[in-house]
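Asker: Have a look at this one.
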Amino acid sequence: MKSIVPYTKDITFNTRIAEICSISLEHELNITETEVEGNFIISGEYKSHEVSVNKEKFEYKLPFALEVTEDIVCDSIDFEITDFTYEVIDDTSLRVNIEFCVTADEMEKEEKIEEVEEITDDLSSEREEVRESVIEEINSLFPDTEELSEEQRLDEDSENIILSSMEEKESEFATYHIHIVGSEDTIETICAQYSTDVTTLKEYNNLESVAIGDKLIIPWLDE
């Protein structure tokens, strides 16, 4: 990365500028992961009258900032002032023109891959925590799950459907009901009971073979 940045600023003095006797430019920096920022320090001496022998001192701090990309190595950032000029534009204003250059090494491809893998690992960990939380909640609602028949238990496919749907719909649904299928239940009556539709029900449950005693997850839309 290499960025050459022009910077122009007008400085207004409190008194008249008859002559700039001396001027210097310094800078102070603060480098973060997202930007290079700091101040240019303009200082020197000037005369407020042409015939005066007295010189007055001046010093001004001019803030600046430059955003940097995430693909660079922060420790490699280098800052350099490449040009500096000034001019008196009226009786009380001084214009400074500064050009500075910021260079930095770009990340190697392997480093970028490591960052992506780290983010992926974090997401996988979060999904596992959600999965465990859902299973724990279901078990707390049905503490006698071990006594149910195999058909009545929530199988792994259903768990995956629940978790997938929760991740996709978590911004829409905040409450989930668990309905145990009775002998007189049909998909249509269950949908009517919970004010939902078959499409939504399929997103959370495997409806290919619903039997008496099966547990269905019913999303409840918070309004």
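Just remember, in the structure tokens the first chain shown is A, the second B, etc., residues are 1-based per chain, and ligands are 1-based in the order shown.
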With a distance cut-off of 9 Å and only C-alpha atoms, select the neighbouring residues of A:Glu19, excluding the residue or stretch itself and same-chain residues fewer than 6 positions from it, and output the selection as a count of residues only.

Answerer: 7

Asker: Mind giving me the straight-line distance from atom CA of A:Thr196 to atom CA of A:Ser133 in Å, one decimal?

Answerer: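 Rounded to one decimal, the two atoms are 24.6 Å apart.
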
Asker: Using only C-alpha atoms, which of the listed residues (A:Gln193, A:Asn14, A:Asn206, A:Ser93) sits closest to A:Trp220?

Answerer: A:Gln193

Asker: So which residues of stretch 14-117 of chain A fall under alpha helix (DSSP H) by DSSP, listed as a list in words?

Answerer: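 For stretch 14-117 of chain A, the alpha helix (DSSP H) set is Lys109, Glu110, Glu111, Lys112, Ile113, Glu114, Glu115, Val116 and Glu117 of chain A.
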
Asker: Skipping near chain neighbours, those fewer than 4 positions away, what residues fall within 8 Å of A:Pro6 using only C-alpha atoms, listed as a list in words?

Answerer: Asn97, Ile98, Glu99 and Phe100 of chain A

Asker: Which is closest to A:Val198 among A:Ile89, A:Ala211, A:Leu216, A:Ile20, if we use only C-alpha atoms?

Answerer: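 Nearest to A:Val198: A:Leu216.
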
Asker: Of the candidates A:Ser183, A:Ser3, A:Ser24, A:Thr189, which shows the shortest atom-to-atom distance to A:Asp214, using only C-alpha atoms?

Answerer: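 Selected residue with least distance to A:Asp214: A:Ser183.
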
Asker: So the first atom is atom CA of A:Ser43 and the second is atom CA of A:Phe64; what is the distance between them in Å, to one decimal place?

Answerer: 16.7 Å

Asker: Need to verify the contact set: A:Phe13, 8 Å, only C-alpha atoms, exclusion of same-chain residues closer than 3 positions in sequence. Can you return it as a list in words?

Answerer: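 Counting only C-alpha atoms, the residues come to Arg16, Ile17, Thr92, Ser93 and Leu94 of chain A.
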
Asker: Go ahead and save the residues from that selection, with N, CA, C and O atoms, as a compact mmCIF listing (two decimals), in the first residue's frame.

Answerer:
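To be explicit, this is the file written out as result_19.txt:
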```txt
# COMPACT_ATOMS: atom_id res chain seq x y z
N ARG A 16 -2.71 41.28 11.85
CA ARG A 16 -2.33 41.40 10.45
C ARG A 16 -1.00 40.69 10.20
O ARG A 16 -0.10 40.68 11.05
N ILE A 17 -0.86 40.08 9.00
CA ILE A 17 0.39 39.43 8.60
C ILE A 17 1.07 40.32 7.56
O ILE A 17 0.60 40.46 6.43
N THR A 92 -4.73 38.58 6.97
CA THR A 92 -4.77 37.79 8.21
C THR A 92 -4.75 36.28 7.97
O THR A 92 -4.87 35.51 8.92
N SER A 93 -4.61 35.85 6.73
CA SER A 93 -4.71 34.42 6.44
C SER A 93 -3.45 33.87 5.80
O SER A 93 -2.89 34.46 4.87
N LEU A 94 -3.04 32.70 6.31
CA LEU A 94 -1.89 31.98 5.78
C LEU A 94 -2.36 30.64 5.27
O LEU A 94 -3.01 29.88 6.00
```

Asker: List the neighbours of A:Thr200 out to 10 Å using only C-alpha atoms; skip same-chain residues closer than 3 positions along the sequence, and give me the result as a VMD selection string.

Answerer: chain A and resid 165 191 196 to 197 203 to 205 218 to 219

Asker: Give me a file of those residues, with N, CA and C atoms, as a CSV table (one decimal), in the first residue's frame.

Answerer:
```csv
chain,number,residue,atom,x,y,z
A,165,SER,N,-33.4,-23.1,11.3
A,165,SER,CA,-34.5,-22.2,11.2
A,165,SER,C,-34.3,-21.0,12.2
A,191,CYS,N,-51.9,-25.9,12.2
A,191,CYS,CA,-51.6,-24.6,11.6
A,191,CYS,C,-52.7,-23.6,12.1
A,196,THR,N,-50.5,-20.2,12.0
A,196,THR,CA,-49.3,-20.3,11.1
A,196,THR,C,-49.7,-21.0,9.8
A,197,ASP,N,-48.8,-21.4,9.0
A,197,ASP,CA,-49.1,-22.0,7.7
A,197,ASP,C,-48.1,-23.2,7.6
A,203,GLU,N,-40.4,-25.5,7.7
A,203,GLU,CA,-39.1,-24.9,8.0
A,203,GLU,C,-38.5,-25.4,9.3
A,204,TYR,N,-39.4,-25.8,10.2
A,204,TYR,CA,-39.0,-26.1,11.6
A,204,TYR,C,-39.1,-27.6,11.9
A,205,ASN,N,-39.8,-28.3,11.0
A,205,ASN,CA,-40.1,-29.7,11.3
A,205,ASN,C,-40.0,-30.6,10.1
A,218,ILE,N,-43.3,-25.0,16.9
A,218,ILE,CA,-44.2,-24.0,16.3
A,218,ILE,C,-43.7,-22.6,16.6
A,219,PRO,N,-43.2,-21.9,15.6
A,219,PRO,CA,-42.7,-20.5,15.9
A,219,PRO,C,-43.8,-19.5,16.2
```

Asker: Pick the closest to A:Glu87 from A:Cys101, A:Ala192, A:Ile178, A:Ile23: which is it, counting only C-alpha atoms?

Answerer: A:Ile23
